[in-house]
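K.L.:
my_file_23.csv (CSV, C-alpha atoms) pasted underneath:
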chain,number,residue,atom,x,y,z
A,616,MET,CA,34.2,130.8,209.2
A,617,THR,CA,37.2,129.2,210.7
A,618,LEU,CA,37.2,129.1,214.5
A,619,SER,CA,40.5,129.9,216.1
A,620,VAL,CA,41.9,128.0,219.1
A,621,SER,CA,44.4,129.2,221.7
A,622,ARG,CA,48.1,129.5,221.0
A,623,ARG,CA,48.5,127.2,224.0
A,624,VAL,CA,46.8,124.2,222.4
A,625,GLN,CA,48.5,124.9,219.1
A,626,ARG,CA,51.9,124.2,220.8
A,627,VAL,CA,51.0,120.6,221.7
A,628,LYS,CA,50.2,117.5,219.6
A,629,PRO,CA,47.9,114.6,220.2
A,630,SER,CA,49.4,111.7,222.1
A,631,PRO,CA,51.1,109.3,219.6
A,632,THR,CA,50.4,106.3,221.7
A,633,LEU,CA,46.7,107.0,221.8
A,634,ALA,CA,46.7,107.9,218.1
A,635,VAL,CA,48.3,104.5,217.2
A,636,THR,CA,45.9,102.6,219.4
A,637,ALA,CA,42.9,104.5,217.9
A,638,ARG,CA,44.1,103.9,214.4
A,639,ALA,CA,44.6,100.1,215.0
A,640,ALA,CA,41.1,100.0,216.5
A,641,ARG,CA,39.6,101.7,213.4
A,642,LEU,CA,41.3,99.3,211.1
A,643,LYS,CA,40.1,96.3,213.1
A,644,ALA,CA,36.5,97.8,212.9
A,645,GLU,CA,36.9,97.9,209.1
A,646,GLY,CA,37.7,94.2,209.1
A,647,LYS,CA,41.5,94.6,208.7
A,648,ASP,CA,43.7,92.0,210.4
A,649,VAL,CA,45.8,94.2,212.7
A,650,ILE,CA,47.8,93.4,215.8
A,651,GLY,CA,48.0,96.5,218.0
A,652,LEU,CA,51.1,96.8,220.1
A,653,GLY,CA,50.7,100.4,220.9
A,654,ALA,CA,48.6,100.5,224.1
A,655,GLY,CA,50.2,100.5,227.5
A,656,GLU,CA,47.4,98.5,229.0
A,657,PRO,CA,47.6,95.1,230.8
A,658,ASP,CA,45.5,92.4,229.2
A,659,PHE,CA,44.6,91.0,232.6
A,660,ASP,CA,41.3,91.6,234.3
A,661,THR,CA,41.2,93.7,237.4
A,662,PRO,CA,41.7,91.2,240.3
A,663,VAL,CA,38.3,90.0,241.7
A,664,PRO,CA,38.7,91.4,245.3
A,665,ILE,CA,39.5,94.8,243.9
A,666,ALA,CA,36.6,94.8,241.4
A,667,GLN,CA,34.3,93.6,244.2
A,668,ALA,CA,35.3,96.6,246.3
A,669,GLY,CA,34.1,98.8,243.5
A,670,ILE,CA,30.8,96.9,243.1
A,671,ASP,CA,30.3,97.1,246.9
A,672,ALA,CA,30.8,100.9,246.7
A,673,ILE,CA,28.0,101.2,244.1
A,674,ARG,CA,25.6,98.9,246.0
A,675,ASN,CA,26.3,100.8,249.3
A,676,GLY,CA,25.6,104.1,247.7
A,677,PHE,CA,29.1,105.4,247.8
A,678,THR,CA,28.4,107.4,244.6
A,679,ARG,CA,28.7,111.0,245.8
A,680,TYR,CA,31.4,113.7,245.6
A,681,THR,CA,34.4,113.2,247.9
A,682,ASN,CA,37.0,115.6,249.1
A,683,VAL,CA,39.0,116.9,246.1
A,684,GLU,CA,42.2,115.4,247.7
A,685,GLY,CA,40.7,111.9,248.1
A,686,ILE,CA,39.0,109.9,250.8
A,687,ASN,CA,40.9,109.3,254.0
A,688,GLU,CA,40.7,105.6,253.7
A,689,LEU,CA,42.6,105.6,250.4
A,690,LYS,CA,45.0,108.3,251.7
A,691,ASP,CA,45.9,106.0,254.6
A,692,ALA,CA,46.4,103.1,252.3
A,693,ILE,CA,48.7,105.3,250.2
A,694,ILE,CA,50.6,106.5,253.3
A,695,ALA,CA,51.1,102.9,254.3
A,696,LYS,CA,52.3,101.9,250.8
A,697,PHE,CA,54.9,104.7,250.7
A,698,ALA,CA,56.2,103.7,254.2
A,699,ARG,CA,56.2,100.0,253.5
A,700,ASP,CA,57.7,100.0,249.9
A,701,ASN,CA,59.7,103.2,249.8
A,702,ALA,CA,60.6,104.2,253.4
A,703,ILE,CA,59.0,107.6,252.7
A,704,GLN,CA,56.8,109.1,255.5
A,705,TYR,CA,53.8,111.2,254.6
A,706,GLU,CA,50.7,112.6,256.4
A,707,ARG,CA,47.2,112.9,254.9
A,708,SER,CA,47.8,116.6,254.1
A,709,GLN,CA,50.7,115.5,251.9
A,710,ILE,CA,48.6,113.1,249.7
A,711,LEU,CA,46.6,113.9,246.6
A,712,VAL,CA,44.5,111.4,244.7
A,713,SER,CA,43.8,112.2,241.0
A,714,SER,CA,42.0,110.7,238.0
A,715,GLY,CA,45.2,108.9,236.9
A,716,ALA,CA,48.8,109.7,237.4
A,717,LYS,CA,48.6,111.6,234.1
A,718,GLN,CA,46.4,114.2,235.9
A,719,THR,CA,48.8,114.1,238.8
A,720,ILE,CA,51.7,115.2,236.6
A,721,PHE,CA,49.6,117.7,234.8
A,722,ASN,CA,48.6,119.2,238.2
A,723,LEU,CA,52.2,119.4,239.1
A,724,CYS,CA,53.2,121.2,235.9
A,725,MET,CA,50.3,123.7,236.2
A,726,ALA,CA,51.0,124.3,239.9
A,727,ILE,CA,54.7,125.3,239.7
A,728,LEU,CA,55.6,126.3,236.1
A,729,ASP,CA,55.4,129.8,234.8
A,730,LYS,CA,56.1,131.4,231.4
A,731,ASP,CA,59.8,131.0,230.4
A,732,ASP,CA,60.5,128.4,233.2
A,733,GLU,CA,62.2,125.2,232.1
A,734,ALA,CA,61.6,121.6,232.9
A,735,VAL,CA,64.3,119.0,232.4
A,736,ILE,CA,62.9,115.8,230.9
A,737,PRO,CA,65.4,113.0,230.2
A,738,ALA,CA,64.9,111.5,226.7
A,739,PRO,CA,63.6,108.9,225.8
A,740,TYR,CA,60.6,110.1,227.8
A,741,TRP,CA,56.9,109.3,228.1
A,742,VAL,CA,55.1,111.1,225.3
A,743,SER,CA,53.0,113.4,227.4
A,744,TYR,CA,55.7,115.1,229.6
A,745,PRO,CA,56.9,117.7,227.1
A,746,ASP,CA,53.4,118.7,226.1
A,747,MET,CA,52.2,119.1,229.6
A,748,VAL,CA,55.1,121.5,230.2
A,749,LEU,CA,54.2,123.4,227.1
A,750,LEU,CA,50.6,123.7,228.2
A,751,ALA,CA,51.9,125.3,231.4
A,752,ASP,CA,53.7,127.9,229.2
A,753,ALA,CA,57.1,126.6,230.1
A,754,GLN,CA,59.8,125.0,228.0
A,755,PRO,CA,61.0,121.4,228.0
A,756,VAL,CA,64.7,120.7,228.0
A,757,MET,CA,65.5,117.1,227.0
A,758,PRO,CA,69.0,115.7,227.5
A,759,PHE,CA,69.2,112.4,225.5
A,760,ALA,CA,70.5,109.1,226.7
A,761,GLY,CA,71.0,106.6,224.0
A,762,PRO,CA,71.4,102.8,224.1
A,763,ALA,CA,75.2,103.1,224.7
A,764,GLN,CA,74.4,104.4,228.2
A,765,GLY,CA,71.3,102.2,228.8
A,766,TYR,CA,68.9,105.0,228.0
A,767,LYS,CA,69.7,106.7,231.4
A,768,ILE,CA,71.1,110.2,231.7
A,769,THR,CA,74.3,110.8,233.8
A,770,ALA,CA,74.8,113.2,236.6
A,771,ARG,CA,77.0,115.2,234.2
A,772,GLN,CA,74.2,115.4,231.7
A,773,LEU,CA,71.7,116.6,234.3
A,774,ALA,CA,74.1,119.3,235.6
A,775,ALA,CA,74.6,120.5,232.0
A,776,ALA,CA,70.9,120.7,231.3
A,777,ILE,CA,70.1,122.9,234.4
A,778,THR,CA,70.0,126.6,233.9
A,779,PRO,CA,68.8,129.5,236.1
A,780,LYS,CA,65.4,129.0,234.4
A,781,THR,CA,65.1,125.4,235.5
A,782,ARG,CA,62.1,124.9,237.8
A,783,LEU,CA,61.2,121.2,237.4
A,784,VAL,CA,63.0,117.9,236.8
A,785,LEU,CA,60.9,114.9,235.9
A,786,LEU,CA,62.3,111.4,236.4
A,787,ASN,CA,60.6,108.2,235.3
A,788,SER,CA,62.0,104.8,236.5
A,789,PRO,CA,61.3,102.2,235.4
A,790,CYS,CA,61.0,104.2,232.2
A,791,ASN,CA,58.2,104.2,229.6
A,792,PRO,CA,59.3,103.6,226.8
A,793,THR,CA,62.7,101.9,227.4
A,794,GLY,CA,62.1,99.8,230.6
A,795,ALA,CA,65.4,101.2,232.0
A,796,ALA,CA,65.5,101.7,235.7
A,797,TYR,CA,68.0,103.8,237.7
A,798,THR,CA,70.0,102.1,240.4
A,799,ARG,CA,70.2,103.5,243.9
A,800,ALA,CA,73.8,104.7,243.1
A,801,GLU,CA,72.7,106.3,239.9
A,802,LEU,CA,69.8,108.1,241.7
A,803,ARG,CA,72.2,109.2,244.4
A,804,ALA,CA,74.5,110.7,241.8
A,805,LEU,CA,71.6,112.6,240.2
A,806,GLY,CA,70.4,113.7,243.6
A,807,GLU,CA,73.8,115.2,244.5
A,808,VAL,CA,73.4,117.5,241.4
A,809,LEU,CA,69.9,118.4,242.5
A,810,LEU,CA,71.0,119.2,246.0
A,811,GLU,CA,73.0,122.1,244.5
A,812,HIS,CA,69.9,123.7,243.1
A,813,PRO,CA,67.4,124.4,245.9
A,814,ARG,CA,64.8,126.1,243.6
A,815,ILE,CA,64.2,123.0,241.5
A,816,VAL,CA,61.2,120.8,242.2
A,817,ILE,CA,61.5,117.1,241.4
A,818,GLY,CA,58.7,114.9,240.2
A,819,THR,CA,59.4,111.1,240.2
A,820,ASP,CA,57.0,109.0,238.1
A,821,ASP,CA,57.2,105.5,239.7
A,822,MET,CA,54.1,104.1,237.9
A,823,TYR,CA,55.9,100.9,236.9
A,824,GLU,CA,57.5,100.3,240.3
A,825,ARG,CA,55.7,96.9,240.7
A,826,ILE,CA,56.3,95.7,237.1
A,827,TYR,CA,60.0,95.2,237.8
A,828,TRP,CA,62.7,92.5,237.6
A,829,GLY,CA,65.9,94.5,238.0
A,830,ALA,CA,69.1,93.1,239.4
A,831,GLU,CA,68.7,95.1,242.6
A,832,PRO,CA,65.5,96.1,244.4
A,833,PHE,CA,63.5,99.0,243.0
A,834,CYS,CA,64.5,102.4,244.5
A,835,SER,CA,62.6,105.6,244.4
A,836,LEU,CA,64.5,108.9,244.3
A,837,LEU,CA,63.6,109.9,247.9
A,838,THR,CA,64.7,106.5,249.2
A,839,ALA,CA,68.2,107.1,247.8
A,840,VAL,CA,68.3,110.9,248.5
A,841,PRO,CA,66.0,111.6,251.5
A,842,GLU,CA,67.6,115.1,251.7
A,843,LEU,CA,65.3,116.1,248.7
A,844,TYR,CA,62.2,115.4,250.7
A,845,GLY,CA,61.2,119.0,251.0
A,846,ARG,CA,60.8,119.5,247.2
A,847,THR,CA,60.1,116.1,245.7
A,848,VAL,CA,56.7,114.9,244.6
A,849,THR,CA,56.6,111.1,244.4
A,850,ILE,CA,54.0,109.9,241.8
A,851,ASN,CA,52.4,106.5,241.4
A,852,GLY,CA,49.0,104.9,240.7
A,853,VAL,CA,47.1,101.6,240.5
A,854,SER,CA,46.6,101.5,236.7
A,855,LYS,CA,49.5,99.3,235.7
A,856,ALA,CA,50.3,97.1,238.6
A,857,TYR,CA,46.7,96.1,239.4
A,858,ALA,CA,45.3,96.1,235.8
A,859,MET,CA,43.1,99.1,236.6
A,860,THR,CA,43.7,101.5,233.7
A,861,GLY,CA,40.0,102.3,233.2
A,862,TRP,CA,39.5,103.0,236.9
A,863,ARG,CA,41.6,106.1,236.6
A,864,ILE,CA,43.4,106.5,239.9
A,865,GLY,CA,46.8,108.1,240.4
A,866,TYR,CA,48.2,109.5,243.5
A,867,CYS,CA,51.2,111.3,244.9
A,868,GLY,CA,52.9,112.4,248.1
A,869,GLY,CA,54.9,115.6,248.6
A,870,PRO,CA,55.4,118.8,250.5
A,871,LYS,CA,52.2,120.2,251.9
A,872,GLU,CA,52.4,123.5,250.0
A,873,LEU,CA,52.9,121.8,246.6
A,874,ILE,CA,50.1,119.2,247.3
A,875,SER,CA,47.8,122.1,248.3
A,876,ALA,CA,48.6,124.0,245.1
A,877,MET,CA,48.0,120.9,243.0
A,878,ALA,CA,44.7,120.2,244.7
A,879,THR,CA,43.7,123.8,243.9
A,880,ILE,CA,44.3,123.1,240.2
A,881,GLN,CA,42.4,119.8,240.4
A,882,GLY,CA,39.5,121.5,242.2
A,883,GLN,CA,39.0,123.8,239.3
A,884,SER,CA,39.3,121.0,236.7
A,885,THR,CA,37.9,117.6,237.6
A,886,SER,CA,37.4,117.9,241.4
A,887,ASN,CA,37.6,114.5,243.0
A,888,ALA,CA,38.6,111.2,241.4
A,889,SER,CA,35.7,108.7,241.0
A,890,SER,CA,34.4,107.7,244.5
A,891,ILE,CA,33.9,104.1,243.3
A,892,SER,CA,37.4,103.9,241.9
A,893,GLN,CA,38.8,105.2,245.2
A,894,LYS,CA,37.2,102.4,247.1
A,895,ALA,CA,38.7,99.9,244.6
A,896,ALA,CA,42.1,101.5,244.8
A,897,THR,CA,42.0,101.2,248.6
A,898,ALA,CA,41.4,97.5,248.3
A,899,ALA,CA,44.2,97.2,245.8
A,900,LEU,CA,46.8,98.9,247.9
A,901,ALA,CA,45.7,97.5,251.3
A,902,GLY,CA,45.0,93.9,250.1
A,903,ASP,CA,46.9,90.8,249.2
A,904,GLN,CA,49.6,91.6,246.7
A,905,ASP,CA,50.0,88.1,245.2
A,906,CYS,CA,48.0,89.2,242.2
A,907,VAL,CA,50.7,91.7,241.4
A,908,ALA,CA,53.4,89.1,241.6
A,909,ARG,CA,51.6,86.8,239.3
A,910,MET,CA,51.1,89.5,236.6
A,911,ASN,CA,54.7,90.6,237.0
A,912,GLU,CA,55.9,87.0,236.3
A,913,ALA,CA,53.9,86.9,233.1
A,914,PHE,CA,55.3,90.3,232.0
A,915,LYS,CA,58.8,89.1,232.7
A,916,GLN,CA,58.2,86.0,230.5
A,917,ARG,CA,56.9,88.1,227.7
A,918,HIS,CA,59.8,90.6,228.1
A,919,ASP,CA,62.4,87.8,227.7
A,920,TYR,CA,60.7,86.4,224.6
A,921,VAL,CA,60.2,89.8,222.9
A,922,VAL,CA,63.7,91.1,223.5
A,923,ALA,CA,65.3,87.9,222.2
A,924,ALA,CA,63.0,87.8,219.2
A,925,LEU,CA,63.6,91.4,218.3
A,926,ASN,CA,67.4,91.0,218.5
A,927,ALA,CA,67.1,88.0,216.1
A,928,LEU,CA,65.6,90.3,213.4
A,929,PRO,CA,67.9,91.8,210.8
A,930,GLY,CA,68.7,95.5,211.5
A,931,VAL,CA,67.0,95.5,214.9
A,932,SER,CA,68.7,95.9,218.3
A,933,CYS,CA,66.8,95.9,221.6
A,934,LEU,CA,68.3,96.2,225.1
A,935,PRO,CA,66.7,94.2,227.9
A,936,GLY,CA,64.6,96.3,230.3
A,937,ALA,CA,64.4,96.2,234.1
A,938,GLY,CA,60.7,96.7,234.2
A,939,THR,CA,57.5,98.0,232.5
A,940,PHE,CA,55.8,96.1,229.7
A,941,TYR,CA,57.5,97.8,226.8
A,942,ALA,CA,60.4,96.8,224.5
A,943,PHE,CA,62.2,99.7,222.9
A,944,ALA,CA,64.1,98.7,219.8
A,945,ASP,CA,66.7,100.6,217.7
A,946,VAL,CA,65.5,100.0,214.1
A,947,SER,CA,67.7,102.6,212.4
A,948,LYS,CA,69.6,99.9,210.4
A,949,ALA,CA,66.3,98.2,209.4
A,950,MET,CA,65.0,101.6,208.3
A,951,ALA,CA,68.0,102.1,206.1
A,952,THR,CA,67.7,98.7,204.5
A,953,LEU,CA,64.0,99.3,203.7
A,954,GLY,CA,64.5,102.9,202.5
A,955,CYS,CA,62.5,104.5,205.4
A,956,ALA,CA,63.6,108.1,206.0
A,957,THR,CA,61.9,108.2,209.4
A,958,ASP,CA,60.7,105.9,212.1
A,959,GLY,CA,57.2,107.1,211.3
A,960,GLU,CA,57.6,105.7,207.7
A,961,PHE,CA,58.9,102.5,209.2
A,962,ALA,CA,55.9,102.2,211.5
A,963,GLU,CA,53.6,102.8,208.6
A,964,LEU,CA,55.2,100.0,206.6
A,965,LEU,CA,54.8,97.6,209.5
A,966,LEU,CA,51.1,98.6,209.8
A,967,ASN,CA,50.2,98.6,206.1
A,968,ASP,CA,52.3,95.6,204.9
A,969,GLY,CA,52.6,93.6,208.1
A,970,GLY,CA,49.4,94.4,210.0
A,971,VAL,CA,51.3,95.3,213.2
A,972,ALA,CA,50.8,98.7,214.9
A,973,VAL,CA,53.8,100.0,216.9
A,974,VAL,CA,54.7,103.5,218.2
A,975,PRO,CA,57.5,105.3,216.5
A,976,GLY,CA,60.4,106.2,218.8
A,977,SER,CA,60.4,109.9,217.7
A,978,GLY,CA,57.2,110.3,219.8
A,979,PHE,CA,59.4,109.5,222.8
A,980,GLY,CA,62.3,111.8,221.8
A,981,ALA,CA,64.3,108.9,220.3
A,982,PRO,CA,64.1,108.8,216.5
A,983,GLY,CA,65.1,105.6,214.8
A,984,HIS,CA,63.4,103.4,217.4
A,985,MET,CA,60.0,101.7,217.9
A,986,ARG,CA,58.2,100.9,221.1
A,987,ILE,CA,56.3,97.6,221.4
A,988,SER,CA,53.9,96.9,224.2
A,989,PHE,CA,54.0,93.3,225.4
A,990,ALA,CA,50.9,93.8,227.6
A,991,CYS,CA,49.3,91.0,225.5
A,992,SER,CA,49.5,87.3,225.2
A,993,LEU,CA,52.7,85.4,224.1
A,994,GLN,CA,50.7,84.0,221.2
A,995,THR,CA,49.9,87.5,220.0
A,996,LEU,CA,53.5,88.5,220.4
A,997,GLU,CA,54.8,85.5,218.4
A,998,LYS,CA,52.4,86.3,215.6
A,999,ALA,CA,53.4,90.0,215.6
A,1000,VAL,CA,57.2,89.1,215.5
A,1001,GLU,CA,56.6,86.7,212.6
A,1002,ARG,CA,54.9,89.5,210.6
A,1003,ILE,CA,57.6,92.0,211.3
A,1004,ALA,CA,60.2,89.5,210.3
A,1005,ARG,CA,58.5,89.0,206.9
A,1006,VAL,CA,58.3,92.7,206.3
A,1007,LEU,CA,62.0,93.0,207.0
A,1008,ALA,CA,62.8,90.0,204.8
A,1009,THR,CA,60.7,91.1,201.8
A,1010,GLY,CA,61.2,94.8,201.9
A,1011,GLY,CA,57.5,95.4,202.7
A,1012,ALA,CA,55.9,93.3,200.0
A,1013,VAL,CA,54.2,91.1,202.5
A,1014,ALA,CA,50.9,89.2,202.2
A,1015,LYS,CA,49.5,89.1,205.7
A,1016,SER,CA,48.8,85.4,205.9
A,1017,ALA,CA,49.8,84.9,209.6
Show me the file's structure as structure tokens.

P.N.:
Amino acid sequence: MTLSVSRRVQRVKPSPTLAVTARAARLKAEGKDVIGLGAGEPDFDTPVPIAQAGIDAIRNGFTRYTNVEGINELKDAIIAKFARDNAIQYERSQILVSSGAKQTIFNLCMAILDKDDEAVIPAPYWVSYPDMVLLADAQPVMPFAGPAQGYKITARQLAAAITPKTRLVLLNSPCNPTGAAYTRAELRALGEVLLEHPRIVIGTDDMYERIYWGAEPFCSLLTAVPELYGRTVTINGVSKAYAMTGWRIGYCGGPKELISAMATIQGQSTSNASSISQKAATAALAGDQDCVARMNEAFKQRHDYVVAALNALPGVSCLPGAGTFYAFADVSKAMATLGCATDGEFAELLLNDGGVAVVPGSGFGAPGHMRISFACSLQTLEKAVERIARVLATGGAVAKSA
């Protein structure tokens, strides 16, 4: 007997980034020599003072349920962070702590979207956004911004994408997968469009705010357009900046009624985030930030190497990013040279003949691209680029001797 599953789950697909990472891990377990460049996970250890706060929480018996919304100590640290870094003022009732920013965004979609609603998601986008919208029975609308415009949509594109059904706009800056970041002026232009549509809620995913080296200081949407305060949810977390992916802490600030609705969703799914992780996140946000600066310096060094190395490959073009730890390369010319009909075939060729796992750009709404994570050592990146170069030079007939 075949067991049926819901139509809802049939509308979505597994995360391609997680799939690539899992496949690379399986091949390694089988003894294959594979370099995995799929995972968006810093290779640094969680800084010692942050980890110690988690250890202390365990030793002190802080291992019980907390409030669904998060402990007050962490909420206060988040409030201070938003005020210090983004000039956004929140109260405790406007803060929600979740098991990763991924859950935060899912909570937002489930709390405000109904059947036949639309959510505008600029492409290239993080792989999970459209599927979260589909799980909420709504429809994603994905205006595309290619390399000619720096992978950033214009105000005109945003205005054209909005319809009477639009309920949500999701912005991600710096962007996973491209590393592109909107300037204050660009955010202001987008905000002017959104001000004309008072029914729309905005979610700003600022997860990579601290992994940033843009020409001007990082700017969140509300910093540029404070008039949108009453309907914007500002989303962030500790996973990337503090090398805390496994601790699973994301957070957001927003209007009380939206935060309350999101907390209701969370209360019927996971309840509170880990009590131990909340203590560690408090230490991260309230503590010395030198560790963030040191990791950011290393990511910038890797970024500079990878972008230059990719641009030196035949048929590959890669724009420099303003942040994140991803390089997003246009490989359409290389695909044509190798006879690859899709970027999925191209990624398979790199994996099978080069031993390098990358994520196809189609998973991010940008066919003909590949995403490379440089959240690994320079030595690993150099070896990976050498392998990719040999695949491109030999048409795939490569012996993995690197």

K.L.:
Could you tell me, as an MDAnalysis selection string, which residues have any atom at most 7 Å from (49.2, 94.6, 213.2), counting only C-alpha atoms?

P.N.:
chainID A and resid 648:651 966 969:972 999

K.L.:
From the list A:Gly765, A:Pro745, A:Gly938, A:Gly976, which residue is nearest Ala856 (chain A) when using all atoms listed in the file?

P.N.:
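The closest residue to Ala856 (chain A) is A:Gly938.
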
K.L.:
Which of these residues is nearest to Phe677 (chain A), using only C-alpha atoms: A:Ala760, A:Ala895, A:Leu843, A:Val848?

P.N.:
A:Ala895

K.L.:
Hey, which of A:Thr636, A:Thr847, A:Gln704, A:Thr860 ends up closest to Lys717 (chain A)? Count all atoms listed in the file.

P.N.:
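Nearest candidate to Lys717 (chain A) out of A:Thr636, A:Thr847, A:Gln704, A:Thr860: A:Thr860.
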
K.L.:
If we count only C-alpha atoms and set the cut-off at 8 Å, which residues sit around region 984-993 of chain A, ignoring sequence neighbours fewer than 5 positions away in its own chain? Please answer as number ranges by chain.

P.N.:
A: 652-658, 792-793, 914, 917-918, 921, 940-947, 958, 962, 973-977

K.L.:
Which residues of region 661-694 of chain A come within 10 Å of region 871-888 of chain A, and what is each one's closest atom pair and distance in Å (one decimal), counting only C-alpha atoms, sorted by chain and residue number, as CSV?

P.N.:
residue,atom,partner,partner_atom,distance
A:Arg679,CA,A:Asn887,CA,10.0
A:Tyr680,CA,A:Asn887,CA,6.8
A:Thr681,CA,A:Asn887,CA,6.0
A:Asn682,CA,A:Asn887,CA,6.2
A:Val683,CA,A:Asn887,CA,4.2
A:Glu684,CA,A:Ala878,CA,6.2
A:Gly685,CA,A:Asn887,CA,6.5
A:Ile686,CA,A:Asn887,CA,9.2

K.L.:
Distance cut-off 9 Å, centre (53.4, 126.6, 239.1) in file coordinates, counting all atoms listed in the file: which residues qualify? Return them as an NGL selection string.

P.N.:
:A and (722-729 or 751 or 782 or 873 or 876-877)

K.L.:
Applying 10 Å and all atoms listed in the file, which residues near Lys628 (chain A) remain after dropping the ones on its own chain fewer than 6 positions away? List them as a PyMOL selection string.

P.N.:
chain A and resi 742-743+746

K.L.:
Which residue gives the smallest distance to Ala830 (chain A) among A:Ala796, A:Leu750, A:Ala804, A:Ala858, with only C-alpha atoms counted?

P.N.:
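Closest to Ala830 (chain A), using only C-alpha atoms: A:Ala796.
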
K.L.:
Let me make sure I understand: among A:Phe833, A:Cys906, A:Tyr766, A:Ala899, which one has the smallest atom-to-atom distance to Pro935 (chain A) if we use only C-alpha atoms?

P.N.:
A:Tyr766

K.L.:
Restricting the calculation to all atoms listed in the file, which member of A:Leu1007, A:Ile673, A:Ile826, A:Ile665 is positioned closest to Glu912 (chain A)?

P.N.:
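Of A:Leu1007, A:Ile673, A:Ile826, A:Ile665, the one nearest Glu912 (chain A) is A:Ile826, counting all atoms listed in the file.
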
K.L.:
When you get a chance, write out N, CA and C atoms for region 793-805 of chain A, as a PDB file, in the coordinates of the input.

P.N.:
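Generated file (rebuild.pdb):
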ATOM      1  N   THR A 793      61.472 102.775 227.609  1.00  0.00           N
ATOM      2  CA  THR A 793      62.700 101.900 227.400  1.00  0.00           C
ATOM      3  C   THR A 793      62.698 100.730 228.395  1.00  0.00           C
ATOM      4  N   GLY A 794      62.004 100.816 229.527  1.00  0.00           N
ATOM      5  CA  GLY A 794      62.100  99.800 230.600  1.00  0.00           C
ATOM      6  C   GLY A 794      63.339  99.943 231.428  1.00  0.00           C
ATOM      7  N   ALA A 795      64.161 100.966 231.169  1.00  0.00           N
ATOM      8  CA  ALA A 795      65.400 101.200 232.000  1.00  0.00           C
ATOM      9  C   ALA A 795      64.999 101.707 233.348  1.00  0.00           C
ATOM     10  N   ALA A 796      65.758 101.269 234.349  1.00  0.00           N
ATOM     11  CA  ALA A 796      65.500 101.700 235.700  1.00  0.00           C
ATOM     12  C   ALA A 796      66.843 102.172 236.338  1.00  0.00           C
ATOM     13  N   TYR A 797      66.804 103.292 237.034  1.00  0.00           N
ATOM     14  CA  TYR A 797      68.000 103.800 237.700  1.00  0.00           C
ATOM     15  C   TYR A 797      68.289 102.996 238.960  1.00  0.00           C
ATOM     16  N   THR A 798      69.552 102.714 239.188  1.00  0.00           N
ATOM     17  CA  THR A 798      70.000 102.100 240.400  1.00  0.00           C
ATOM     18  C   THR A 798      70.009 103.088 241.550  1.00  0.00           C
ATOM     19  N   ARG A 799      70.124 102.577 242.760  1.00  0.00           N
ATOM     20  CA  ARG A 799      70.200 103.500 243.900  1.00  0.00           C
ATOM     21  C   ARG A 799      71.449 104.397 243.753  1.00  0.00           C
ATOM     22  N   ALA A 800      72.567 103.840 243.305  1.00  0.00           N
ATOM     23  CA  ALA A 800      73.800 104.700 243.100  1.00  0.00           C
ATOM     24  C   ALA A 800      73.595 105.721 242.071  1.00  0.00           C
ATOM     25  N   GLU A 801      72.923 105.372 240.984  1.00  0.00           N
ATOM     26  CA  GLU A 801      72.700 106.300 239.900  1.00  0.00           C
ATOM     27  C   GLU A 801      71.737 107.449 240.390  1.00  0.00           C
ATOM     28  N   LEU A 802      70.722 107.090 241.164  1.00  0.00           N
ATOM     29  CA  LEU A 802      69.800 108.100 241.700  1.00  0.00           C
ATOM     30  C   LEU A 802      70.555 109.004 242.694  1.00  0.00           C
ATOM     31  N   ARG A 803      71.436 108.420 243.464  1.00  0.00           N
ATOM     32  CA  ARG A 803      72.200 109.200 244.400  1.00  0.00           C
ATOM     33  C   ARG A 803      73.068 110.245 243.691  1.00  0.00           C
ATOM     34  N   ALA A 804      73.657 109.816 242.572  1.00  0.00           N
ATOM     35  CA  ALA A 804      74.500 110.700 241.800  1.00  0.00           C
ATOM     36  C   ALA A 804      73.662 111.880 241.211  1.00  0.00           C
ATOM     37  N   LEU A 805      72.478 111.559 240.692  1.00  0.00           N
ATOM     38  CA  LEU A 805      71.600 112.600 240.200  1.00  0.00           C
ATOM     39  C   LEU A 805      71.147 113.527 241.328  1.00  0.00           C
TER      40      LEU A 805
END
